[in-house]
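upload-v3.pdb (PDB, C-alpha atoms) appears below.
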ATOM      1  CA  MET A   5      17.425  -9.299  16.582
ATOM      2  CA  LEU A   6      17.992  -9.174  12.820
ATOM      3  CA  VAL A   7      14.934  -9.944  10.665
ATOM      4  CA  LEU A   8      15.005 -10.662   6.939
ATOM      5  CA  GLY A   9      11.754  -9.645   5.241
ATOM      6  CA  ILE A  10      10.488 -10.978   1.900
ATOM      7  CA  GLU A  11       7.553  -9.436   0.008
ATOM      8  CA  SER A  12       6.113 -11.163  -3.089
ATOM      9  CA  SER A  13       2.354 -10.661  -2.936
ATOM     10  CA  CYS A  14       1.876  -9.189  -6.417
ATOM     11  CA  ASP A  15       4.202  -7.528  -8.923
ATOM     12  CA  GLU A  16       7.067  -6.288  -6.733
ATOM     13  CA  THR A  17       9.801  -8.411  -5.218
ATOM     14  CA  GLY A  18      11.033  -6.766  -2.033
ATOM     15  CA  VAL A  19      13.725  -7.881   0.401
ATOM     16  CA  ALA A  20      14.929  -6.009   3.493
ATOM     17  CA  LEU A  21      16.911  -6.365   6.714
ATOM     18  CA  TYR A  22      15.551  -4.803   9.889
ATOM     19  CA  ASP A  23      17.434  -4.768  13.178
ATOM     20  CA  THR A  24      15.335  -4.300  16.316
ATOM     21  CA  THR A  25      18.080  -2.103  17.775
ATOM     22  CA  ALA A  26      19.637  -0.346  14.777
ATOM     23  CA  GLY A  27      16.506  -0.051  12.596
ATOM     24  CA  LEU A  28      16.275  -0.584   8.840
ATOM     25  CA  LEU A  29      19.694  -1.650   7.557
ATOM     26  CA  ALA A  30      18.979  -2.331   3.879
ATOM     27  CA  HIS A  31      16.170  -2.882   1.423
ATOM     28  CA  GLN A  32      16.070  -3.881  -2.226
ATOM     29  CA  LEU A  33      13.105  -3.766  -4.595
ATOM     30  CA  HIS A  34      12.434  -5.005  -8.104
ATOM     31  CA  THR A  35       9.269  -3.937  -9.892
ATOM     32  CA  GLN A  36       7.710  -5.914 -12.731
ATOM     33  CA  ILE A  37       5.977  -2.918 -14.319
ATOM     34  CA  ALA A  38       7.870  -3.136 -17.617
ATOM     35  CA  MET A  39       7.087  -6.839 -17.972
ATOM     36  CA  HIS A  40       3.340  -6.483 -17.333
ATOM     37  CA  ALA A  41       2.913  -3.250 -19.319
ATOM     38  CA  GLU A  42       2.730  -5.237 -22.558
ATOM     39  CA  TYR A  43      -0.410  -6.973 -21.247
ATOM     40  CA  GLY A  44      -2.071  -3.944 -19.647
ATOM     41  CA  GLY A  45      -2.111  -5.517 -16.189
ATOM     42  CA  VAL A  46      -0.528  -8.085 -13.908
ATOM     43  CA  VAL A  47      -0.258 -11.621 -15.333
ATOM     44  CA  PRO A  48      -0.119 -13.870 -12.228
ATOM     45  CA  GLU A  49       1.965 -16.671 -13.788
ATOM     46  CA  LEU A  50       4.564 -14.242 -15.102
ATOM     47  CA  ALA A  51       4.650 -12.485 -11.743
ATOM     48  CA  SER A  52       5.368 -15.751  -9.912
ATOM     49  CA  ARG A  53       8.152 -16.745 -12.287
ATOM     50  CA  ASP A  54       9.817 -13.371 -11.986
ATOM     51  CA  HIS A  55       9.729 -13.548  -8.178
ATOM     52  CA  ILE A  56      11.628 -16.848  -8.440
ATOM     53  CA  ARG A  57      14.328 -15.168 -10.519
ATOM     54  CA  ARG A  58      14.671 -12.102  -8.317
ATOM     55  CA  VAL A  59      14.299 -13.045  -4.673
ATOM     56  CA  LEU A  60      17.682 -14.682  -4.005
ATOM     57  CA  PRO A  61      19.803 -12.080  -5.869
ATOM     58  CA  LEU A  62      17.942  -9.344  -3.996
ATOM     59  CA  THR A  63      18.608 -11.132  -0.709
ATOM     60  CA  GLN A  64      22.317 -11.290  -1.528
ATOM     61  CA  SER A  65      22.321  -7.581  -2.428
ATOM     62  CA  CYS A  66      20.597  -6.725   0.853
ATOM     63  CA  LEU A  67      23.145  -8.666   2.885
ATOM     64  CA  ALA A  68      26.000  -6.988   1.020
ATOM     65  CA  GLU A  69      24.474  -3.532   1.528
ATOM     66  CA  ALA A  70      24.129  -4.149   5.269
ATOM     67  CA  GLY A  71      27.497  -5.864   5.618
ATOM     68  CA  ARG A  72      25.850  -8.956   7.104
ATOM     69  CA  THR A  73      25.738 -12.676   6.275
ATOM     70  CA  LEU A  74      22.987 -15.271   6.341
ATOM     71  CA  ASP A  75      24.349 -16.530   9.661
ATOM     72  CA  ASP A  76      23.608 -13.133  11.227
ATOM     73  CA  ILE A  77      19.861 -13.455  10.578
ATOM     74  CA  ASP A  78      17.719 -14.292  13.626
ATOM     75  CA  ALA A  79      14.339 -14.736  11.898
ATOM     76  CA  ILE A  80      12.787 -14.588   8.431
ATOM     77  CA  ALA A  81       9.483 -12.801   7.809
ATOM     78  CA  TYR A  82       7.471 -13.262   4.630
ATOM     79  CA  THR A  83       4.160 -12.091   3.221
ATOM     80  CA  ALA A  84       1.669 -14.926   3.720
ATOM     81  CA  GLY A  85      -1.319 -12.992   2.316
ATOM     82  CA  PRO A  86      -3.426 -11.499   1.011
ATOM     83  CA  GLY A  87      -2.222 -11.507  -2.583
ATOM     84  CA  LEU A  88      -1.776 -13.671  -5.676
ATOM     85  CA  ALA A  89      -1.518 -17.302  -4.600
ATOM     86  CA  GLY A  90       1.392 -18.228  -6.848
ATOM     87  CA  ALA A  91       3.348 -15.109  -6.000
ATOM     88  CA  LEU A  92       2.807 -15.645  -2.279
ATOM     89  CA  LEU A  93       4.012 -19.234  -2.581
ATOM     90  CA  VAL A  94       7.343 -18.083  -3.987
ATOM     91  CA  GLY A  95       8.139 -15.831  -1.043
ATOM     92  CA  ALA A  96       6.820 -18.314   1.511
ATOM     93  CA  SER A  97       8.771 -21.194  -0.009
ATOM     94  CA  VAL A  98      12.048 -19.279  -0.206
ATOM     95  CA  ALA A  99      11.641 -17.921   3.326
ATOM     96  CA  ASN A 100      10.941 -21.325   4.793
ATOM     97  CA  ALA A 101      13.711 -23.042   2.824
ATOM     98  CA  LEU A 102      16.244 -20.478   4.014
ATOM     99  CA  ALA A 103      14.966 -20.672   7.580
ATOM    100  CA  PHE A 104      15.089 -24.472   7.556
ATOM    101  CA  ALA A 105      18.667 -24.456   6.245
ATOM    102  CA  LEU A 106      19.758 -21.874   8.824
ATOM    103  CA  ASN A 107      17.694 -23.373  11.666
ATOM    104  CA  LYS A 108      15.922 -20.043  12.171
ATOM    105  CA  PRO A 109      12.236 -19.306  12.851
ATOM    106  CA  THR A 110       9.800 -17.798  10.336
ATOM    107  CA  ILE A 111       7.093 -15.173  10.772
ATOM    108  CA  ALA A 112       4.030 -15.095   8.510
ATOM    109  CA  VAL A 113       3.136 -11.431   7.911
ATOM    110  CA  HIS A 114      -0.176  -9.950   6.812
ATOM    111  CA  HIS A 115       0.466  -7.690   3.816
ATOM    112  CA  LEU A 116      -1.926  -4.987   5.016
ATOM    113  CA  GLU A 117      -0.388  -4.953   8.476
ATOM    114  CA  GLY A 118       2.915  -4.289   6.751
ATOM    115  CA  HIS A 119       1.398  -1.246   5.046
ATOM    116  CA  LEU A 120      -0.326  -0.070   8.231
ATOM    117  CA  LEU A 121       2.910  -0.159  10.206
ATOM    118  CA  SER A 122       5.183   1.219   7.462
ATOM    119  CA  PRO A 123       4.808   4.871   8.618
ATOM    120  CA  LEU A 124       6.503   3.774  11.856
ATOM    121  CA  LEU A 125       9.686   3.534   9.767
ATOM    122  CA  ALA A 126       9.544   7.287   9.155
ATOM    123  CA  ASP A 127      11.217   9.938  11.284
ATOM    124  CA  PRO A 128       9.341  11.086  13.236
ATOM    125  CA  ALA A 129       7.234   7.957  13.705
ATOM    126  CA  PRO A 130       3.626   8.303  14.890
ATOM    127  CA  PRO A 131       2.856   6.995  18.379
ATOM    128  CA  PHE A 132      -0.227   4.855  18.981
ATOM    129  CA  PRO A 133      -3.164   5.359  18.799
ATOM    130  CA  PHE A 134      -3.979   6.844  15.407
ATOM    131  CA  VAL A 135      -6.426   6.698  12.513
ATOM    132  CA  ALA A 136      -4.931   5.009   9.465
ATOM    133  CA  LEU A 137      -6.034   5.578   5.888
ATOM    134  CA  LEU A 138      -4.856   2.537   3.963
ATOM    135  CA  VAL A 139      -5.183   3.487   0.327
ATOM    136  CA  SER A 140      -3.716   1.322  -2.418
ATOM    137  CA  GLY A 141      -4.512  -0.490  -5.634
ATOM    138  CA  GLY A 142      -6.400  -3.224  -3.836
ATOM    139  CA  HIS A 143      -7.654  -1.653  -0.607
ATOM    140  CA  THR A 144      -9.154   1.568   0.692
ATOM    141  CA  GLN A 145      -9.890   1.399   4.410
ATOM    142  CA  LEU A 146     -10.027   3.645   7.448
ATOM    143  CA  MET A 147      -8.919   2.053  10.704
ATOM    144  CA  ALA A 148      -8.401   3.045  14.301
ATOM    145  CA  VAL A 149      -5.012   1.589  15.230
ATOM    146  CA  HIS A 150      -4.461   1.176  18.971
ATOM    147  CA  GLY A 151      -1.342  -0.988  18.754
ATOM    148  CA  VAL A 152       0.203  -3.822  16.750
ATOM    149  CA  GLY A 153      -2.642  -6.223  16.023
ATOM    150  CA  ARG A 154      -5.241  -3.926  17.588
ATOM    151  CA  TYR A 155      -7.138  -2.690  14.542
ATOM    152  CA  GLU A 156     -10.702  -1.409  14.393
ATOM    153  CA  LEU A 157     -12.239  -1.063  10.927
ATOM    154  CA  LEU A 158     -14.072   2.267  10.707
ATOM    155  CA  GLY A 159     -15.003   2.280   7.035
ATOM    156  CA  GLU A 160     -13.958   1.039   3.618
ATOM    157  CA  THR A 161     -14.815   1.141  -0.051
ATOM    158  CA  VAL A 162     -17.864  -0.870  -1.027
ATOM    159  CA  ASP A 163     -16.515  -1.508  -4.540
ATOM    160  CA  ASP A 164     -13.314  -0.395  -6.288
ATOM    161  CA  ALA A 165     -10.308   0.695  -4.254
ATOM    162  CA  ALA A 166      -9.028   4.213  -4.919
ATOM    163  CA  GLY A 167      -5.853   2.936  -6.581
ATOM    164  CA  GLU A 168      -7.893   0.564  -8.715
ATOM    165  CA  ALA A 169     -10.092   3.467  -9.833
ATOM    166  CA  PHE A 170      -6.947   5.438 -10.746
ATOM    167  CA  ASP A 171      -5.599   2.585 -12.873
ATOM    168  CA  LYS A 172      -8.911   1.744 -14.569
ATOM    169  CA  SER A 173      -9.688   5.381 -15.359
ATOM    170  CA  ALA A 174      -6.192   5.833 -16.762
ATOM    171  CA  LYS A 175      -6.772   2.849 -19.021
ATOM    172  CA  LEU A 176     -10.004   4.424 -20.270
ATOM    173  CA  LEU A 177      -7.969   7.522 -21.117
ATOM    174  CA  GLY A 178      -5.384   5.487 -22.995
ATOM    175  CA  LEU A 179      -2.563   6.162 -20.544
ATOM    176  CA  GLY A 180      -1.197   2.623 -20.435
ATOM    177  CA  TYR A 181      -0.046   0.578 -17.440
ATOM    178  CA  PRO A 182       0.334   1.314 -14.617
ATOM    179  CA  GLY A 183      -2.042   4.177 -15.185
ATOM    180  CA  GLY A 184      -2.322   5.732 -11.726
ATOM    181  CA  PRO A 185       1.047   7.548 -11.690
ATOM    182  CA  ALA A 186       0.599   8.636 -15.325
ATOM    183  CA  LEU A 187      -2.860  10.034 -14.551
ATOM    184  CA  SER A 188      -1.540  11.971 -11.538
ATOM    185  CA  LYS A 189       1.313  13.444 -13.560
ATOM    186  CA  LEU A 190      -1.005  14.551 -16.354
ATOM    187  CA  ALA A 191      -3.454  16.010 -13.810
ATOM    188  CA  ASP A 192      -0.817  18.588 -12.849
ATOM    189  CA  ARG A 193      -1.328  20.185 -16.285
ATOM    190  CA  GLY A 194      -5.101  20.005 -16.248
ATOM    191  CA  ASP A 195      -7.979  22.287 -15.271
ATOM    192  CA  ALA A 196     -10.062  20.428 -12.674
ATOM    193  CA  ALA A 197     -12.880  22.984 -12.954
ATOM    194  CA  ARG A 198     -13.607  22.175 -16.612
ATOM    195  CA  PHE A 199     -15.475  18.952 -15.803
ATOM    196  CA  LYS A 200     -17.639  18.186 -12.790
ATOM    197  CA  LEU A 201     -17.289  14.611 -11.613
ATOM    198  CA  PRO A 202     -19.307  12.986  -8.800
ATOM    199  CA  ARG A 203     -18.082  12.427  -5.249
ATOM    200  CA  PRO A 204     -19.754   9.082  -4.464
ATOM    201  CA  MET A 205     -20.952   8.621  -0.866
ATOM    202  CA  LEU A 206     -19.371  11.900   0.207
ATOM    203  CA  HIS A 207     -22.473  12.730   2.253
ATOM    204  CA  SER A 208     -23.471   9.178   3.196
ATOM    205  CA  GLY A 209     -23.237   9.917   6.909
ATOM    206  CA  ASP A 210     -20.821   7.053   7.509
ATOM    207  CA  LEU A 211     -17.213   6.236   6.661
ATOM    208  CA  GLU A 212     -17.956   3.984   3.680
ATOM    209  CA  MET A 213     -16.607   4.946   0.261
ATOM    210  CA  SER A 214     -17.318   4.111  -3.378
ATOM    211  CA  PHE A 215     -15.227   4.753  -6.492
ATOM    212  CA  SER A 216     -16.867   2.591  -9.151
ATOM    213  CA  GLY A 217     -19.346   5.316 -10.125
ATOM    214  CA  LEU A 218     -16.525   7.816 -10.511
ATOM    215  CA  LYS A 219     -14.831   5.468 -12.958
ATOM    216  CA  THR A 220     -18.092   5.166 -14.893
ATOM    217  CA  ALA A 221     -18.365   8.955 -15.027
ATOM    218  CA  VAL A 222     -14.894   9.078 -16.590
ATOM    219  CA  LEU A 223     -16.014   6.516 -19.182
ATOM    220  CA  ASN A 224     -19.012   8.673 -20.060
ATOM    221  CA  LEU A 225     -16.784  11.749 -20.383
ATOM    222  CA  VAL A 226     -14.385   9.906 -22.669
ATOM    223  CA  LYS A 227     -17.268   8.916 -24.920
ATOM    224  CA  ALA A 228     -18.730  12.428 -24.945
ATOM    225  CA  GLU A 229     -15.441  14.226 -25.592
ATOM    226  CA  SER A 230     -13.819  11.802 -28.062
ATOM    227  CA  PRO A 231     -11.536  12.156 -29.853
ATOM    228  CA  LEU A 232      -9.588  13.422 -26.852
ATOM    229  CA  ASP A 233      -6.865  15.985 -27.332
ATOM    230  CA  GLU A 234      -4.020  16.252 -24.832
ATOM    231  CA  GLN A 235      -5.514  19.166 -22.874
ATOM    232  CA  THR A 236      -8.923  17.543 -22.565
ATOM    233  CA  THR A 237      -7.273  14.362 -21.278
ATOM    234  CA  ALA A 238      -5.316  16.406 -18.740
ATOM    235  CA  ASP A 239      -8.490  18.217 -17.636
ATOM    236  CA  ILE A 240     -10.325  14.924 -17.093
ATOM    237  CA  CYS A 241      -7.338  13.616 -15.110
ATOM    238  CA  ALA A 242      -7.359  16.736 -12.937
ATOM    239  CA  ALA A 243     -11.108  16.510 -12.295
ATOM    240  CA  PHE A 244     -10.847  12.813 -11.479
ATOM    241  CA  GLN A 245      -7.940  13.252  -9.076
ATOM    242  CA  GLU A 246      -9.640  16.174  -7.336
ATOM    243  CA  ALA A 247     -12.770  14.043  -6.788
ATOM    244  CA  ILE A 248     -10.779  11.144  -5.300
ATOM    245  CA  VAL A 249      -8.763  13.443  -3.047
ATOM    246  CA  GLU A 250     -11.862  15.237  -1.774
ATOM    247  CA  VAL A 251     -13.550  11.961  -0.828
ATOM    248  CA  LEU A 252     -10.449  10.597   0.921
ATOM    249  CA  LEU A 253      -9.904  13.885   2.739
ATOM    250  CA  LYS A 254     -13.485  14.297   3.960
ATOM    251  CA  LYS A 255     -13.785  10.678   5.069
ATOM    252  CA  SER A 256     -10.456  10.867   6.904
ATOM    253  CA  LEU A 257     -11.541  14.026   8.734
ATOM    254  CA  ALA A 258     -14.825  12.346   9.666
ATOM    255  CA  ALA A 259     -12.905   9.322  10.981
ATOM    256  CA  LEU A 260     -10.772  11.555  13.205
ATOM    257  CA  LYS A 261     -13.876  13.252  14.562
ATOM    258  CA  GLN A 262     -15.707   9.967  15.145
ATOM    259  CA  SER A 263     -12.763   8.316  16.888
ATOM    260  CA  GLY A 264     -11.688  11.376  18.866
ATOM    261  CA  LEU A 265      -8.077  10.823  17.763
ATOM    262  CA  LYS A 266      -5.677  13.582  16.698
ATOM    263  CA  ARG A 267      -3.226  11.619  14.549
ATOM    264  CA  LEU A 268      -3.767  10.456  10.970
ATOM    265  CA  VAL A 269      -1.433   7.992   9.271
ATOM    266  CA  ILE A 270      -1.450   7.401   5.505
ATOM    267  CA  ALA A 271      -0.265   4.071   4.105
ATOM    268  CA  GLY A 272      -0.299   2.372   0.704
ATOM    269  CA  GLY A 273       0.700   3.323  -2.823
ATOM    270  CA  VAL A 274      -1.833   6.148  -3.274
ATOM    271  CA  GLY A 275      -0.286   7.716  -0.169
ATOM    272  CA  ALA A 276       2.477   8.937  -2.497
ATOM    273  CA  ASN A 277       0.004  11.137  -4.410
ATOM    274  CA  ARG A 278       1.175  14.739  -4.112
ATOM    275  CA  GLN A 279      -2.271  16.349  -4.259
ATOM    276  CA  LEU A 280      -3.558  14.042  -1.516
ATOM    277  CA  ARG A 281      -0.571  14.862   0.692
ATOM    278  CA  ALA A 282      -0.975  18.584   0.080
ATOM    279  CA  ALA A 283      -4.688  18.475   0.936
ATOM    280  CA  LEU A 284      -4.064  16.499   4.127
ATOM    281  CA  ASP A 285      -1.171  18.722   5.195
ATOM    282  CA  ASP A 286      -3.325  21.828   4.689
ATOM    283  CA  ALA A 287      -6.222  20.317   6.658
ATOM    284  CA  ALA A 288      -3.871  19.270   9.459
ATOM    285  CA  LYS A 289      -2.670  22.852   9.887
ATOM    286  CA  LYS A 290      -6.194  24.269   9.895
ATOM    287  CA  ARG A 291      -7.748  21.617  12.151
ATOM    288  CA  ARG A 292      -4.741  21.026  14.389
ATOM    289  CA  PHE A 293      -4.139  17.333  13.991
ATOM    290  CA  GLU A 294      -0.962  15.483  13.040
ATOM    291  CA  VAL A 295      -0.519  13.588   9.776
ATOM    292  CA  PHE A 296       2.203  11.037   9.067
ATOM    293  CA  TYR A 297       3.338   9.287   5.889
ATOM    294  CA  PRO A 298       5.774   6.481   5.172
ATOM    295  CA  PRO A 299       8.870   7.489   3.173
ATOM    296  CA  LEU A 300       7.991   7.719  -0.528
ATOM    297  CA  SER A 301      10.184   4.685  -1.257
ATOM    298  CA  LEU A 302       8.088   2.613   1.161
ATOM    299  CA  CYS A 303       4.613   3.571  -0.100
ATOM    300  CA  THR A 304       4.451   0.759  -2.643
ATOM    301  CA  ASP A 305       4.848  -2.927  -1.760
ATOM    302  CA  ASN A 306       8.300  -3.491  -0.261
ATOM    303  CA  GLY A 307      10.326  -5.820   1.903
ATOM    304  CA  ALA A 308      11.065  -3.189   4.564
ATOM    305  CA  MET A 309       7.482  -3.118   5.797
ATOM    306  CA  ILE A 310       7.439  -6.938   5.978
ATOM    307  CA  ALA A 311      10.727  -7.088   7.890
ATOM    308  CA  PHE A 312       9.481  -4.398  10.285
ATOM    309  CA  ALA A 313       6.081  -6.031  10.827
ATOM    310  CA  GLY A 314       7.842  -9.351  11.348
ATOM    311  CA  ALA A 315      10.095  -7.783  13.965
ATOM    312  CA  GLN A 316       7.004  -6.623  15.845
ATOM    313  CA  ARG A 317       5.694 -10.194  15.827
ATOM    314  CA  LEU A 318       8.775 -12.111  16.922
ATOM    315  CA  ALA A 319       6.698 -13.607  19.735
ATOM    316  CA  PHE A 320       4.640 -15.434  17.076
ATOM    317  CA  ALA A 321       7.615 -16.887  15.200
ATOM    318  CA  GLN A 322       7.347 -20.555  14.242
ATOM    319  CA  ALA A 323       9.766 -23.262  13.221
ATOM    320  CA  ALA A 324      10.391 -23.400   9.473
ATOM    321  CA  GLY A 325       9.055 -26.159   7.291
ATOM    322  CA  SER A 326       5.302 -26.024   7.881
ATOM    323  CA  PHE A 327       3.638 -23.042   6.244
ATOM    324  CA  SER A 328       0.515 -21.963   4.430
ATOM    325  CA  ILE A 329      -0.467 -18.892   2.459
ATOM    326  CA  GLN A 330      -3.752 -17.011   2.687
ATOM    327  CA  PRO A 331      -4.656 -15.202  -0.542
ATOM    328  CA  ARG A 332      -7.687 -13.898   1.376
ATOM    329  CA  TRP A 333      -6.961 -12.991   4.990
ATOM    330  CA  ASP A 334      -9.042 -10.872   7.352
ATOM    331  CA  LEU A 335      -6.839  -8.348   9.135
ATOM    332  CA  SER A 336      -9.081  -8.444  12.202
ATOM    333  CA  SER A 337      -8.148 -12.093  12.760
ATOM    334  CA  LEU A 338      -4.586 -11.168  13.767
ATOM    335  CA  PRO A 339      -3.715 -11.521  17.452
ATOM    336  CA  ALA A 340      -2.647  -8.398  19.304
ATOM    337  CA  VAL A 341       0.971  -7.936  20.337
ATOM    338  CA  GLN A 342       1.186  -7.151  24.048
TER     339      GLN A 342
END

Translate the structure described by the file into structure tokens.
Amino acid sequence: MLVLGIESSCDETGVALYDTTAGLLAHQLHTQIAMHAEYGGVVPELASRDHIRRVLPLTQSCLAEAGRTLDDIDAIAYTAGPGLAGALLVGASVANALAFALNKPTIAVHHLEGHLLSPLLADPAPPFPFVALLVSGGHTQLMAVHGVGRYELLGETVDDAAGEAFDKSAKLLGLGYPGGPALSKLADRGDAARFKLPRPMLHSGDLEMSFSGLKTAVLNLVKAESPLDEQTTADICAAFQEAIVEVLLKKSLAALKQSGLKRLVIAGGVGANRQLRAALDDAAKKRRFEVFYPPLSLCTDNGAMIAFAGAQRLAFAQAAGSFSIQPRWDLSSLPAVQ
């Protein structure tokens, strides 16, 4: 079965083709970073309009890359939520219009399930069950994953997501948009020991996390150290990143211990962070557990994860033409795939 996947939940337009026998055949991605940088953040109306411009050309490029045609497609998966309402409507509308014209079924995919399952596109792929750390700009959650649709929430952030804290702290440091990658790059040149930043909820005794206070601590440092020179900025970046990584590492280790599982899967954009990967790899060697990551190209929002998740949910495919989006959508409400 050949599944076309369309992702349009925020500021990336992703399209991919996944074959249930041959695997991932092609994926194309357009990011809107340059467009939103002028405004310091995502402008929902601009995001929606750009998705309209990009989704069909990307679909054509995907088909050409895979050497397939629209007639070869067996089902069309699209991100139905969570995300920006207008952006979601673009992907859902295009997916359903194509499916209606081709007389093919559609599959509404949960964006976070796409991220959770994306490491299964890696080689080697982790077998179920495993603990998943979903860490992105909008979500930071620890889950026990027993199968497709069988997700148990173990803990999550009570305020800002880790990726959100990266971006907001970078903005405080004047690093522009998107700030997270810029902060991480600058942290490589910094001295993390120069400034001591808090590790919120590190010893809370549960798997909950908090990053808002860490962001506030960065704000206080910026005020105290201003005007910032380049080295001071790098040192703050290093201290901030070290604090985030330590919290994510310790909470992940606690989740493995609590669940009794020996496999940890990292998903989401922050999963591309080199210091986080190095810390997890080192802990895995010392504590004898396995850690898996999606390919770097699939850490951010992308169509491949939507096509793959859709392929896992072919049993829930529906006729095109009647669809809804869910900007807010509880992952636990998804039915399990037997």

- prompt: Which one of A:Arg154, A:His115, A:Arg291, A:Arg193 sits closest to Gly9 (chain A) if you count only C-alpha atoms?
  reply: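 Of A:Arg154, A:His115, A:Arg291, A:Arg193, the one nearest Gly9 (chain A), counting only C-alpha atoms, is A:His115.
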
field: Interatomic distance (Å, one decimal) between CA of Thr83 (chain A) and CA of Thr17 (chain A)
entry: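 Separation between CA of Thr83 (chain A) and CA of Thr17 (chain A): 10.8 Å.
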
- prompt: Hey, what comes out of the PyMOL selection byres ((chain A and resi 158-175) around 8) on this file? Could you write it as number ranges by chain?
  reply: A: 139-148, 156-157, 176-184, 186-187, 210-216, 218-219, 222-223, 248, 259, 273-274

field: Explicit residue set for the PyMOL selection byres ((chain A and resi 329-333) around 8), as a list of chain:residue names
entry: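 Checked against the file, the PyMOL selection byres ((chain A and resi 329-333) around 8) matches A:Ala84, A:Gly85, A:Pro86, A:Gly87, A:Leu88, A:Ala89, A:Leu92, A:Leu93, A:Ala96, A:His114, A:Phe327, A:Ser328, A:Asp334, A:Leu335, A:Ser337.
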
- prompt: At what distance in Å, to one decimal, does CA of Tyr155 (chain A) lie from CA of Ser336 (chain A)?
  reply: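 Computed distance, CA of Ser336 (chain A) to CA of Tyr155 (chain A), equals 6.5 Å.
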
query: Between CA of Ile80 (chain A) and CA of Ser122 (chain A), what is the distance, to one decimal in Å?
result: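 Separation between CA of Ile80 (chain A) and CA of Ser122 (chain A): 17.6 Å.
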
message: Neighbouring residues of Glu49 (chain A) were defined as those with any atom within 9 Å, considering only C-alpha atoms; residues of the same chain fewer than 5 positions away were excluded. Please report them as a PyMOL selection string.
response: chain A and resi 54+90-91

query: For the file shown, what are the residues hit by the PyMOL selection byres ((chain A and resi 234-242) around 9), laid out as a list of chain:residue names?
result: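 On this input, the PyMOL selection byres ((chain A and resi 234-242) around 9) captures A:Ser173, A:Ala174, A:Leu177, A:Leu187, A:Ser188, A:Lys189, A:Leu190, A:Ala191, A:Asp192, A:Arg193, A:Gly194, A:Asp195, A:Ala196, A:Ala197, A:Arg198, A:Phe199, A:Leu201, A:Val222, A:Leu225, A:Val226, A:Glu229, A:Leu232, A:Asp233, A:Ala243, A:Phe244, A:Gln245, A:Glu246, A:Ala247.
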
task: Identify, on the basis of all atoms listed in the file, every residue whose closest approach to Lys290 (chain A) does not exceed 12 Å; exclude the query and any residue fewer than 6 positions from it along the same chain; express the result as a PyMOL selection string.
output: chain A and resi 257+283-284

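Using all atoms listed in the file, the shortest contact distance between Gly307 (chain A) and any of A:Met5, A:Val113, A:Ala26, A:Ile56 is found at A:Val113.
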
query: Smallest atom-to-atom distance to Ser97 (chain A): which of A:Leu29, A:Ala324, A:Leu318, A:Leu280, using only C-alpha atoms?
result: A:Ala324

message: Counting all atoms listed in the file, which residues sit no farther than 12 Å from the position (0.9, 10.3, -0.5) in the file's frame? I'd like them as a ChimeraX atom specification.
response: /A:123,137-140,167,185,188,249,252-253,269-285,295-304

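Shortest atom-to-atom contact with Thr25 (chain A) among A:Ala315, A:Leu102, A:Leu8, A:Ala81: A:Ala315, counting all atoms listed in the file.
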
Please list as a PDB file with C-alpha atoms, keeping the file's coordinate frame every residue within 12 Å of Ala105 (chain A), counting all atoms listed in the file and excluding residues in the same chain fewer than 2 positions away.
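The file below, part-v6.pdb, is the result:
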ATOM      1  CA  LEU A  74      22.987 -15.271   6.341  1.00  0.00           C
ATOM      2  CA  ASP A  75      24.349 -16.530   9.661  1.00  0.00           C
ATOM      3  CA  ILE A  77      19.861 -13.455  10.578  1.00  0.00           C
ATOM      4  CA  ILE A  80      12.787 -14.588   8.431  1.00  0.00           C
ATOM      5  CA  VAL A  98      12.048 -19.279  -0.206  1.00  0.00           C
ATOM      6  CA  ALA A  99      11.641 -17.921   3.326  1.00  0.00           C
ATOM      7  CA  ASN A 100      10.941 -21.325   4.793  1.00  0.00           C
ATOM      8  CA  ALA A 101      13.711 -23.042   2.824  1.00  0.00           C
ATOM      9  CA  LEU A 102      16.244 -20.478   4.014  1.00  0.00           C
ATOM     10  CA  ALA A 103      14.966 -20.672   7.580  1.00  0.00           C
ATOM     11  CA  ASN A 107      17.694 -23.373  11.666  1.00  0.00           C
ATOM     12  CA  LYS A 108      15.922 -20.043  12.171  1.00  0.00           C
ATOM     13  CA  PRO A 109      12.236 -19.306  12.851  1.00  0.00           C
ATOM     14  CA  THR A 110       9.800 -17.798  10.336  1.00  0.00           C
ATOM     15  CA  ALA A 323       9.766 -23.262  13.221  1.00  0.00           C
ATOM     16  CA  ALA A 324      10.391 -23.400   9.473  1.00  0.00           C
ATOM     17  CA  GLY A 325       9.055 -26.159   7.291  1.00  0.00           C
TER      18      GLY A 325
END

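Using all atoms listed in the file for every distance, the candidate list A:Leu120, A:Ile111, A:Val251, A:Val135 yields A:Val135 as the residue closest to Arg267 (chain A).
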
Write out as an mmCIF file with C-alpha atoms, in the frame of the given file each polymer residue whose atoms come within 12 Å of Ser65 (chain A), counting all atoms listed in the file; drop sequence neighbours fewer than 5 positions from it.
data_model
loop_
_atom_site.group_PDB
_atom_site.id
_atom_site.type_symbol
_atom_site.label_atom_id
_atom_site.label_comp_id
_atom_site.auth_asym_id
_atom_site.auth_seq_id
_atom_site.Cartn_x
_atom_site.Cartn_y
_atom_site.Cartn_z
ATOM 1 C CA GLY A 18 11.033 -6.766 -2.033
ATOM 2 C CA VAL A 19 13.725 -7.881 0.401
ATOM 3 C CA ALA A 20 14.929 -6.009 3.493
ATOM 4 C CA LEU A 21 16.911 -6.365 6.714
ATOM 5 C CA LEU A 29 19.694 -1.650 7.557
ATOM 6 C CA ALA A 30 18.979 -2.331 3.879
ATOM 7 C CA HIS A 31 16.170 -2.882 1.423
ATOM 8 C CA GLN A 32 16.070 -3.881 -2.226
ATOM 9 C CA LEU A 33 13.105 -3.766 -4.595
ATOM 10 C CA HIS A 34 12.434 -5.005 -8.104
ATOM 11 C CA ARG A 58 14.671 -12.102 -8.317
ATOM 12 C CA VAL A 59 14.299 -13.045 -4.673
ATOM 13 C CA LEU A 60 17.682 -14.682 -4.005
ATOM 14 C CA ALA A 70 24.129 -4.149 5.269
ATOM 15 C CA GLY A 71 27.497 -5.864 5.618
ATOM 16 C CA ARG A 72 25.850 -8.956 7.104
ATOM 17 C CA THR A 73 25.738 -12.676 6.275
ATOM 18 C CA LEU A 74 22.987 -15.271 6.341
#
